[in-house]
file entry.pdb (PDB, C-alpha atoms, pLDDT in the B column)
ATOM      1  CA  SER X   1       0.000   0.000   0.000  1.00 85.00           C
ATOM      2  CA  GLN X   2       1.009   3.583  -0.539  1.00 86.00           C
ATOM      3  CA  THR X   3       2.242   5.787   2.277  1.00 92.00           C
ATOM      4  CA  ILE X   4       3.365   9.376   2.461  1.00 95.00           C
ATOM      5  CA  HIS X   5       5.825  10.714   4.994  1.00 94.00           C
ATOM      6  CA  GLN X   6       6.338  14.347   5.776  1.00 95.00           C
ATOM      7  CA  TRP X   7       8.715  15.909   8.253  1.00 92.00           C
ATOM      8  CA  PRO X   8       9.287  17.635  10.543  1.00 93.00           C
ATOM      9  CA  ALA X   9       5.896  17.834  12.246  1.00 93.00           C
ATOM     10  CA  THR X  10       6.564  21.225  13.809  1.00 95.00           C
ATOM     11  CA  LEU X  11       9.180  23.845  13.194  1.00 96.00           C
ATOM     12  CA  VAL X  12       9.940  27.228  14.722  1.00 97.00           C
ATOM     13  CA  GLN X  13      12.336  29.285  12.677  1.00 97.00           C
ATOM     14  CA  PRO X  14      13.581  32.871  12.933  1.00 97.00           C
ATOM     15  CA  VAL X  15      12.897  35.370  10.185  1.00 97.00           C
ATOM     16  CA  GLY X  16      15.621  35.238   7.555  1.00 97.00           C
ATOM     17  CA  SER X  17      16.589  31.635   8.220  1.00 97.00           C
ATOM     18  CA  PRO X  18      16.403  28.925   5.516  1.00 97.00           C
ATOM     19  CA  LEU X  19      13.750  26.248   5.296  1.00 96.00           C
ATOM     20  CA  SER X  20      13.659  22.701   4.065  1.00 96.00           C
ATOM     21  CA  LEU X  21      10.602  20.485   4.387  1.00 97.00           C
ATOM     22  CA  GLU X  22      10.727  17.003   2.978  1.00 96.00           C
ATOM     23  CA  CYS X  23       8.086  14.630   1.741  1.00 97.00           C
ATOM     24  CA  THR X  24       8.473  11.082   0.445  1.00 97.00           C
ATOM     25  CA  VAL X  25       5.951   8.677  -0.995  1.00 96.00           C
ATOM     26  CA  GLU X  26       6.230   4.902  -0.917  1.00 95.00           C
ATOM     27  CA  GLY X  27       4.391   2.211  -2.773  1.00 93.00           C
ATOM     28  CA  THR X  28       3.754   3.993  -6.060  1.00 89.00           C
ATOM     29  CA  SER X  29       5.700   5.185  -9.074  1.00 89.00           C
ATOM     30  CA  ASN X  30       5.635   8.520 -10.853  1.00 90.00           C
ATOM     31  CA  PRO X  31       3.058  10.099  -8.569  1.00 91.00           C
ATOM     32  CA  ASN X  32       1.868  13.655  -8.999  1.00 91.00           C
ATOM     33  CA  LEU X  33       3.117  15.558  -5.963  1.00 94.00           C
ATOM     34  CA  TYR X  34       1.787  18.701  -4.344  1.00 94.00           C
ATOM     35  CA  TRP X  35       2.588  21.215  -1.629  1.00 95.00           C
ATOM     36  CA  TYR X  36      -0.347  22.966  -0.024  1.00 94.00           C
ATOM     37  CA  ARG X  37      -0.400  25.598   2.710  1.00 94.00           C
ATOM     38  CA  GLN X  38      -3.046  26.654   5.146  1.00 90.00           C
ATOM     39  CA  ALA X  39      -2.380  30.119   6.483  1.00 80.00           C
ATOM     40  CA  ALA X  40      -4.178  31.286   9.633  1.00 75.00           C
ATOM     41  CA  GLY X  41      -7.907  31.702   8.987  1.00 74.00           C
ATOM     42  CA  ARG X  42      -7.663  30.573   5.398  1.00 77.00           C
ATOM     43  CA  GLY X  43      -8.305  27.459   3.368  1.00 82.00           C
ATOM     44  CA  LEU X  44      -5.777  25.126   1.810  1.00 89.00           C
ATOM     45  CA  GLN X  45      -3.920  26.784  -1.027  1.00 90.00           C
ATOM     46  CA  LEU X  46      -1.916  24.922  -3.653  1.00 90.00           C
ATOM     47  CA  LEU X  47       1.676  26.182  -3.754  1.00 93.00           C
ATOM     48  CA  PHE X  48       3.491  23.780  -6.101  1.00 94.00           C
ATOM     49  CA  TYR X  49       2.827  20.641  -8.046  1.00 91.00           C
ATOM     50  CA  SER X  50       5.068  18.241  -9.893  1.00 93.00           C
ATOM     51  CA  VAL X  51       4.303  15.585 -12.498  1.00 90.00           C
ATOM     52  CA  GLY X  52       7.837  14.194 -12.683  1.00 92.00           C
ATOM     53  CA  ILE X  53      11.464  14.498 -11.593  1.00 95.00           C
ATOM     54  CA  GLY X  54      12.688  18.041 -11.992  1.00 93.00           C
ATOM     55  CA  GLN X  55       9.281  19.270 -13.193  1.00 93.00           C
ATOM     56  CA  ILE X  56       7.880  21.896 -10.852  1.00 93.00           C
ATOM     57  CA  SER X  57       5.015  24.283 -11.407  1.00 90.00           C
ATOM     58  CA  SER X  58       4.304  27.150  -9.064  1.00 89.00           C
ATOM     59  CA  GLU X  59       0.729  28.200  -8.519  1.00 83.00           C
ATOM     60  CA  VAL X  60       1.312  31.412  -6.611  1.00 80.00           C
ATOM     61  CA  PRO X  61       4.273  33.800  -6.482  1.00 73.00           C
ATOM     62  CA  GLN X  62       6.008  33.594  -3.149  1.00 81.00           C
ATOM     63  CA  ASN X  63       9.159  33.326  -1.139  1.00 89.00           C
ATOM     64  CA  LEU X  64       9.266  29.551  -1.463  1.00 94.00           C
ATOM     65  CA  SER X  65      10.574  27.054  -3.981  1.00 96.00           C
ATOM     66  CA  ALA X  66      10.116  23.349  -4.537  1.00 97.00           C
ATOM     67  CA  SER X  67      12.282  20.618  -5.959  1.00 97.00           C
ATOM     68  CA  ARG X  68      11.812  16.988  -6.913  1.00 97.00           C
ATOM     69  CA  PRO X  69      15.240  15.370  -6.999  1.00 96.00           C
ATOM     70  CA  GLN X  70      13.847  11.837  -7.057  1.00 96.00           C
ATOM     71  CA  ASP X  71      10.621  10.301  -8.299  1.00 96.00           C
ATOM     72  CA  ARG X  72       9.027  10.044  -4.871  1.00 96.00           C
ATOM     73  CA  GLN X  73      10.704  12.903  -3.051  1.00 97.00           C
ATOM     74  CA  PHE X  74       9.377  16.443  -2.909  1.00 97.00           C
ATOM     75  CA  ILE X  75      11.120  19.246  -1.056  1.00 97.00           C
ATOM     76  CA  LEU X  76       9.861  22.677  -0.096  1.00 97.00           C
ATOM     77  CA  SER X  77      12.534  25.283   0.527  1.00 96.00           C
ATOM     78  CA  SER X  78      13.179  28.880   1.262  1.00 96.00           C
ATOM     79  CA  LYS X  79      16.440  30.791   1.413  1.00 96.00           C
ATOM     80  CA  LYS X  80      15.114  33.408   3.829  1.00 96.00           C
ATOM     81  CA  LEU X  81      11.868  32.946   5.716  1.00 96.00           C
ATOM     82  CA  LEU X  82       9.367  35.749   6.182  1.00 95.00           C
ATOM     83  CA  LEU X  83       6.811  36.093   8.965  1.00 95.00           C
ATOM     84  CA  SER X  84       4.106  35.576   6.333  1.00 92.00           C
ATOM     85  CA  ASP X  85       5.487  32.099   5.596  1.00 94.00           C
ATOM     86  CA  SER X  86       4.023  30.837   8.869  1.00 93.00           C
ATOM     87  CA  GLY X  87       1.317  28.272   8.398  1.00 93.00           C
ATOM     88  CA  PHE X  88       0.507  24.618   8.078  1.00 93.00           C
ATOM     89  CA  TYR X  89       2.144  22.879   5.128  1.00 96.00           C
ATOM     90  CA  LEU X  90       0.779  19.703   3.636  1.00 96.00           C
ATOM     91  CA  CYS X  91       2.369  17.443   1.071  1.00 97.00           C
ATOM     92  CA  ALA X  92       0.079  15.297  -1.053  1.00 95.00           C
ATOM     93  CA  TRP X  93       0.240  12.814  -3.900  1.00 93.00           C
ATOM     94  CA  SER X  94      -2.183  11.524  -6.484  1.00 89.00           C
ATOM     95  CA  PRO X  95      -1.938   8.708  -9.017  1.00 85.00           C
ATOM     96  CA  PRO X  96       0.012   9.614 -12.156  1.00 77.00           C
ATOM     97  CA  ASP X  97      -2.745   8.953 -14.701  1.00 66.00           C
ATOM     98  CA  TRP X  98      -5.099  11.604 -13.434  1.00 62.00           C
ATOM     99  CA  LEU X  99      -7.669  12.534 -16.008  1.00 61.00           C
ATOM    100  CA  PRO X 100     -10.800  14.678 -15.752  1.00 57.00           C
ATOM    101  CA  LEU X 101     -12.953  11.604 -16.265  1.00 57.00           C
ATOM    102  CA  ARG X 102     -11.152   9.733 -13.537  1.00 64.00           C
ATOM    103  CA  PRO X 103     -10.823  12.272 -10.732  1.00 70.00           C
ATOM    104  CA  ALA X 104      -8.550  10.464  -8.340  1.00 70.00           C
ATOM    105  CA  GLU X 105      -8.347  11.710  -4.798  1.00 82.00           C
ATOM    106  CA  ALA X 106      -5.247  13.253  -3.285  1.00 88.00           C
ATOM    107  CA  PHE X 107      -3.562  11.589  -0.315  1.00 91.00           C
ATOM    108  CA  PHE X 108      -2.054  13.847   2.284  1.00 94.00           C
ATOM    109  CA  GLY X 109       0.848  13.703   4.691  1.00 94.00           C
ATOM    110  CA  GLN X 110       0.363  14.712   8.286  1.00 92.00           C
ATOM    111  CA  GLY X 111       1.667  18.203   7.742  1.00 94.00           C
ATOM    112  CA  THR X 112       4.252  20.567   9.167  1.00 95.00           C
ATOM    113  CA  ARG X 113       3.290  23.475  11.363  1.00 94.00           C
ATOM    114  CA  LEU X 114       5.792  26.224  10.623  1.00 95.00           C
ATOM    115  CA  THR X 115       6.040  29.238  12.878  1.00 96.00           C
ATOM    116  CA  VAL X 116       8.352  32.014  11.794  1.00 96.00           C
ATOM    117  CA  VAL X 117       9.361  34.259  14.685  1.00 97.00           C
TER     118      VAL X 117
ATOM    119  CA  ILE P 118      -9.514  30.860 -11.101  1.00 59.00           C
ATOM    120  CA  LEU P 119     -11.910  28.482  -9.454  1.00 70.00           C
ATOM    121  CA  ASN P 120     -13.841  29.684  -6.397  1.00 85.00           C
ATOM    122  CA  VAL P 121     -15.007  27.051  -3.985  1.00 91.00           C
ATOM    123  CA  GLU P 122     -16.949  28.290  -0.997  1.00 93.00           C
ATOM    124  CA  GLN P 123     -18.227  26.538   2.082  1.00 95.00           C
ATOM    125  CA  SER P 124     -20.801  27.489   4.659  1.00 96.00           C
ATOM    126  CA  PRO P 125     -21.089  27.812   7.522  1.00 96.00           C
ATOM    127  CA  GLN P 126     -17.516  28.463   8.641  1.00 94.00           C
ATOM    128  CA  SER P 127     -18.168  26.725  11.935  1.00 95.00           C
ATOM    129  CA  LEU P 128     -20.914  24.730  13.540  1.00 96.00           C
ATOM    130  CA  HIS P 129     -21.562  23.562  17.085  1.00 97.00           C
ATOM    131  CA  VAL P 130     -24.052  20.764  17.619  1.00 97.00           C
ATOM    132  CA  GLN P 131     -25.027  18.419  20.413  1.00 97.00           C
ATOM    133  CA  GLU P 132     -24.326  14.728  20.292  1.00 97.00           C
ATOM    134  CA  GLY P 133     -27.138  12.993  18.450  1.00 97.00           C
ATOM    135  CA  ASP P 134     -28.083  16.000  16.322  1.00 97.00           C
ATOM    136  CA  SER P 135     -28.080  15.705  12.570  1.00 96.00           C
ATOM    137  CA  THR P 136     -26.340  18.428  10.651  1.00 96.00           C
ATOM    138  CA  ASN P 137     -25.450  19.497   7.164  1.00 95.00           C
ATOM    139  CA  PHE P 138     -23.248  21.993   5.415  1.00 95.00           C
ATOM    140  CA  THR P 139     -22.784  23.351   1.931  1.00 97.00           C
ATOM    141  CA  CYS P 140     -20.100  23.568  -0.695  1.00 97.00           C
ATOM    142  CA  SER P 141     -20.589  25.888  -3.690  1.00 96.00           C
ATOM    143  CA  PHE P 142     -18.534  25.752  -6.856  1.00 92.00           C
ATOM    144  CA  PRO P 143     -18.774  27.081 -10.420  1.00 88.00           C
ATOM    145  CA  SER P 144     -21.168  24.916 -12.411  1.00 86.00           C
ATOM    146  CA  SER P 145     -19.397  25.507 -15.727  1.00 83.00           C
ATOM    147  CA  ASN P 146     -16.701  23.008 -16.740  1.00 77.00           C
ATOM    148  CA  PHE P 147     -17.442  20.838 -13.746  1.00 82.00           C
ATOM    149  CA  TYR P 148     -15.291  17.705 -13.359  1.00 82.00           C
ATOM    150  CA  ALA P 149     -15.479  16.488  -9.812  1.00 87.00           C
ATOM    151  CA  LEU P 150     -16.139  17.437  -6.247  1.00 92.00           C
ATOM    152  CA  HIS P 151     -14.122  16.013  -3.365  1.00 94.00           C
ATOM    153  CA  TRP P 152     -15.047  15.973   0.317  1.00 96.00           C
ATOM    154  CA  TYR P 153     -12.356  15.556   2.964  1.00 96.00           C
ATOM    155  CA  ARG P 154     -12.445  15.283   6.724  1.00 96.00           C
ATOM    156  CA  TRP P 155      -9.523  16.843   8.551  1.00 94.00           C
ATOM    157  CA  GLU P 156      -9.108  16.025  12.203  1.00 92.00           C
ATOM    158  CA  THR P 157      -6.674  17.944  14.342  1.00 84.00           C
ATOM    159  CA  ALA P 158      -3.127  16.559  14.174  1.00 81.00           C
ATOM    160  CA  LYS P 159      -4.054  14.139  11.392  1.00 87.00           C
ATOM    161  CA  SER P 160      -3.934  14.110   7.604  1.00 90.00           C
ATOM    162  CA  PRO P 161      -6.996  15.173   5.643  1.00 93.00           C
ATOM    163  CA  GLU P 162      -8.915  12.011   4.858  1.00 93.00           C
ATOM    164  CA  ALA P 163     -10.903  11.598   1.674  1.00 92.00           C
ATOM    165  CA  LEU P 164     -14.608  10.984   2.234  1.00 95.00           C
ATOM    166  CA  PHE P 165     -16.138  11.145  -1.219  1.00 94.00           C
ATOM    167  CA  VAL P 166     -15.318  11.901  -4.831  1.00 92.00           C
ATOM    168  CA  MET P 167     -18.428  12.856  -6.742  1.00 92.00           C
ATOM    169  CA  THR P 168     -18.749  13.360 -10.452  1.00 89.00           C
ATOM    170  CA  LEU P 169     -22.339  12.905 -11.625  1.00 90.00           C
ATOM    171  CA  ASN P 170     -25.207  15.337 -11.250  1.00 93.00           C
ATOM    172  CA  GLY P 171     -27.656  13.943  -8.742  1.00 94.00           C
ATOM    173  CA  ASP P 172     -25.049  11.633  -7.295  1.00 93.00           C
ATOM    174  CA  GLU P 173     -25.487  10.653  -3.684  1.00 96.00           C
ATOM    175  CA  LYS P 174     -22.810   8.872  -1.702  1.00 96.00           C
ATOM    176  CA  LYS P 175     -22.884   7.434   1.778  1.00 96.00           C
ATOM    177  CA  LYS P 176     -20.284   6.301   4.283  1.00 94.00           C
ATOM    178  CA  GLY P 177     -21.758   5.212   7.572  1.00 95.00           C
ATOM    179  CA  ARG P 178     -23.621   8.165   9.054  1.00 97.00           C
ATOM    180  CA  ILE P 179     -22.177  10.611   6.533  1.00 97.00           C
ATOM    181  CA  SER P 180     -23.678  11.220   3.132  1.00 98.00           C
ATOM    182  CA  ALA P 181     -23.264  13.763   0.373  1.00 98.00           C
ATOM    183  CA  THR P 182     -25.285  14.953  -2.596  1.00 98.00           C
ATOM    184  CA  LEU P 183     -24.232  16.749  -5.721  1.00 97.00           C
ATOM    185  CA  ASN P 184     -25.982  19.249  -7.988  1.00 96.00           C
ATOM    186  CA  THR P 185     -23.656  20.157 -10.843  1.00 94.00           C
ATOM    187  CA  LYS P 186     -26.221  22.272 -12.696  1.00 94.00           C
ATOM    188  CA  GLU P 187     -26.549  24.759  -9.865  1.00 94.00           C
ATOM    189  CA  GLY P 188     -23.074  24.217  -8.442  1.00 94.00           C
ATOM    190  CA  TYR P 189     -23.513  22.908  -4.932  1.00 95.00           C
ATOM    191  CA  SER P 190     -22.966  19.863  -2.790  1.00 97.00           C
ATOM    192  CA  TYR P 191     -24.342  19.075   0.646  1.00 98.00           C
ATOM    193  CA  LEU P 192     -22.667  16.967   3.293  1.00 98.00           C
ATOM    194  CA  TYR P 193     -24.964  15.426   5.900  1.00 98.00           C
ATOM    195  CA  ILE P 194     -24.078  13.831   9.193  1.00 98.00           C
ATOM    196  CA  LYS P 195     -26.817  11.858  10.895  1.00 97.00           C
ATOM    197  CA  GLY P 196     -26.709  11.462  14.664  1.00 97.00           C
ATOM    198  CA  SER P 197     -23.477  13.411  15.193  1.00 97.00           C
ATOM    199  CA  GLN P 198     -20.930  11.974  17.588  1.00 97.00           C
ATOM    200  CA  PRO P 199     -18.021  13.756  19.311  1.00 96.00           C
ATOM    201  CA  GLU P 200     -15.606  11.842  17.085  1.00 95.00           C
ATOM    202  CA  ASP P 201     -17.181  13.581  14.075  1.00 96.00           C
ATOM    203  CA  SER P 202     -15.621  16.826  15.270  1.00 97.00           C
ATOM    204  CA  ALA P 203     -13.286  17.932  12.499  1.00 96.00           C
ATOM    205  CA  THR P 204     -12.895  20.388   9.657  1.00 95.00           C
ATOM    206  CA  TYR P 205     -14.789  19.285   6.575  1.00 97.00           C
ATOM    207  CA  LEU P 206     -13.265  20.441   3.324  1.00 96.00           C
ATOM    208  CA  CYS P 207     -14.609  20.338  -0.174  1.00 95.00           C
ATOM    209  CA  ALA P 208     -12.417  20.735  -3.215  1.00 93.00           C
ATOM    210  CA  SER P 209     -12.699  20.769  -6.956  1.00 89.00           C
ATOM    211  CA  PRO P 210      -9.996  20.140  -9.546  1.00 83.00           C
ATOM    212  CA  HIS P 211      -9.410  23.016 -11.892  1.00 68.00           C
ATOM    213  CA  LEU P 212      -8.539  22.660 -15.487  1.00 61.00           C
ATOM    214  CA  ALA P 213      -6.009  24.602 -17.502  1.00 57.00           C
ATOM    215  CA  GLY P 214      -4.896  23.790 -21.004  1.00 55.00           C
ATOM    216  CA  GLY P 215      -6.855  20.549 -21.077  1.00 55.00           C
ATOM    217  CA  THR P 216      -5.233  18.950 -18.074  1.00 61.00           C
ATOM    218  CA  SER P 217      -5.440  19.355 -14.355  1.00 64.00           C
ATOM    219  CA  TYR P 218      -2.873  16.953 -12.896  1.00 68.00           C
ATOM    220  CA  GLY P 219      -5.093  16.564  -9.889  1.00 74.00           C
ATOM    221  CA  LYS P 220      -4.654  20.115  -8.629  1.00 82.00           C
ATOM    222  CA  LEU P 221      -7.400  20.915  -6.186  1.00 87.00           C
ATOM    223  CA  THR P 222      -8.965  24.201  -5.165  1.00 88.00           C
ATOM    224  CA  PHE P 223     -10.272  23.928  -1.637  1.00 91.00           C
ATOM    225  CA  GLY P 224     -13.019  25.750   0.159  1.00 92.00           C
ATOM    226  CA  GLN P 225     -12.173  27.271   3.511  1.00 92.00           C
ATOM    227  CA  GLY P 226     -13.781  24.410   5.353  1.00 94.00           C
ATOM    228  CA  THR P 227     -16.530  23.997   7.903  1.00 96.00           C
ATOM    229  CA  ILE P 228     -15.311  23.386  11.450  1.00 95.00           C
ATOM    230  CA  LEU P 229     -17.722  21.028  13.164  1.00 97.00           C
ATOM    231  CA  THR P 230     -17.716  20.621  16.932  1.00 97.00           C
ATOM    232  CA  VAL P 231     -19.966  17.977  18.441  1.00 97.00           C
ATOM    233  CA  HIS P 232     -20.565  18.454  22.148  1.00 97.00           C
ATOM    234  CA  PRO P 233     -21.232  15.397  24.333  1.00 95.00           C
TER     235      PRO P 233
END
call {"tool": "encode", "arguments": {"input": "entry.pdb", "output": "structure tokens"}}
result
Amino acid sequence: SQTIHQWPATLVQPVGSPLSLECTVEGTSNPNLYWYRQAAGRGLQLLFYSVGIGQISSEVPQNLSASRPQDRQFILSSKKLLLSDSGFYLCAWSPPDWLPLRPAEAFFGQGTRLTVV
Amino acid sequence: ILNVEQSPQSLHVQEGDSTNFTCSFPSSNFYALHWYRWETAKSPEALFVMTLNGDEKKKGRISATLNTKEGYSYLYIKGSQPEDSATYLCASPHLAGGTSYGKLTFGQGTILTVHP
């Protein structure tokens, strides 16, 4: 069966420090991978998605970047954190053959609560 | 840009009450509607994926209906229990250039609290 691991669970970082959140998926090949964020009082917002190694698409302009160095590894990074980067970050995957007529669900990791101080 | 809206934002009910909440989405170019339950300190868990107008799905005491022509879905919980307390999210995939790659636009969620 497929599993998704995301770490760390919580993180407190000072403004201006770097960030690296990691997500790995097991039990599937060539998954679509996503990073979502929930800022305080807001819904889940898609930040990045990837359909393959090295292929990253950004949905919103921001202070963050994503990378996919391996098929089942997705990393969220920042060189210098801002206060506004605080929030709850979720990694997710979906099967690779997603089509509009076969709307597969997304499977989520347990999330990282990031507090920038 | 797809707008998915949920109401109410929060709901407090007593154990045993039945409750329902709404998800609204654009009816044009509809593909699917997802419902998730998100408990504190856990991953969002998929409840339903709905695609057909008039569809009704059920999982235990939870059920959902879908109206794609008018752009809404209802989630019902019958005989609420404290363990039903969670944030309920709906989401719809949005399409760009003929593909979506599973990208979901989420509503803000309905926070349900069931009091014993």
call {"tool": "resolve_selection", "arguments": {"input": "entry.pdb", "expression": "the ChimeraX specification (/X :<12) & /P", "output": "VMD selection string"}}
result
chain P and resid 118 to 123 126 to 127 146 to 169 204 to 213 215 to 228
call {"tool": "atom_distance", "arguments": {"input": "entry.pdb", "atom1": "CA of Ser124 in chain P", "atom2": "CA of Phe138 in chain P"}}
result
6.1 Å
call {"tool": "atom_distance", "arguments": {"input": "entry.pdb", "atom1": "CA of Asp71 in chain X", "atom2": "CA of Leu21 in chain X"}}
result
16.3 Å
call {"tool": "atom_distance", "arguments": {"input": "entry.pdb", "atom1": "CA of Ser144 in chain P", "atom2": "CA of Arg178 in chain P"}}
result
27.3 Å
call {"tool": "residues_near_point", "arguments": {"input": "entry.pdb", "point": "(2.7, 2.8, -2.7)", "cutoff": "10 Å", "atoms": "all atoms listed in the file", "output": "JSON, numbers by chain"}}
result
{"X": [1, 2, 3, 4, 25, 26, 27, 28, 29, 31, 72, 95]}
call {"tool": "resolve_selection", "arguments": {"input": "entry.pdb", "expression": "the PyMOL selection byres ((chain X and resi 13) around 7)", "output": "number ranges by chain"}}
result
X: 11-12, 14-15, 17, 115-117
call {"tool": "write_last_selection", "arguments": {"input": "entry.pdb", "atoms": "C-alpha atoms", "output": "CSV table (one decimal), keeping the file's coordinate frame"}}
result
chain,number,residue,atom,x,y,z
X,11,LEU,CA,9.2,23.8,13.2
X,12,VAL,CA,9.9,27.2,14.7
X,14,PRO,CA,13.6,32.9,12.9
X,15,VAL,CA,12.9,35.4,10.2
X,17,SER,CA,16.6,31.6,8.2
X,115,THR,CA,6.0,29.2,12.9
X,116,VAL,CA,8.4,32.0,11.8
X,117,VAL,CA,9.4,34.3,14.7
call {"tool": "closest_residue", "arguments": {"input": "entry.pdb", "among": "X:Thr10, X:Trp35, X:Glu22, X:Gln62", "to": "Ile75 in chain X", "atoms": "only C-alpha atoms"}}
result
X:Glu22
call {"tool": "closest_residue", "arguments": {"input": "entry.pdb", "among": "P:Cys140, P:Leu128, P:Leu183, P:Val231", "to": "Ser197 in chain P", "atoms": "only C-alpha atoms"}}
result
P:Val231
call {"tool": "resolve_selection", "arguments": {"input": "entry.pdb", "expression": "the PyMOL selection byres ((chain P and resi 189-194) around 6)", "output": "list in words"}}
result
Ser135, Thr136, Asn137, Phe138, Thr139, Cys140, Ser141, Arg178, Ile179, Ser180, Ala181, Thr182, Leu183, Asn184, Gly188 and Lys195 of chain P
call {"tool": "residues_near_point", "arguments": {"input": "entry.pdb", "point": "(2.3, 26.8, 4.6)", "cutoff": "6 Å", "atoms": "all atoms listed in the file", "output": "PyMOL selection string"}}
result
chain X and resi 37-38+87-89
call {"tool": "closest_residue", "arguments": {"input": "entry.pdb", "among": "P:Gly171, P:Gly177, P:Pro143, P:Gly133", "to": "Gln198 in chain P", "atoms": "only C-alpha atoms"}}
result
P:Gly133
call {"tool": "closest_residue", "arguments": {"input": "entry.pdb", "among": "X:Gly16, X:Asn63, X:Leu114, X:Trp7", "to": "Ser77 in chain X", "atoms": "only C-alpha atoms"}}
result
X:Asn63
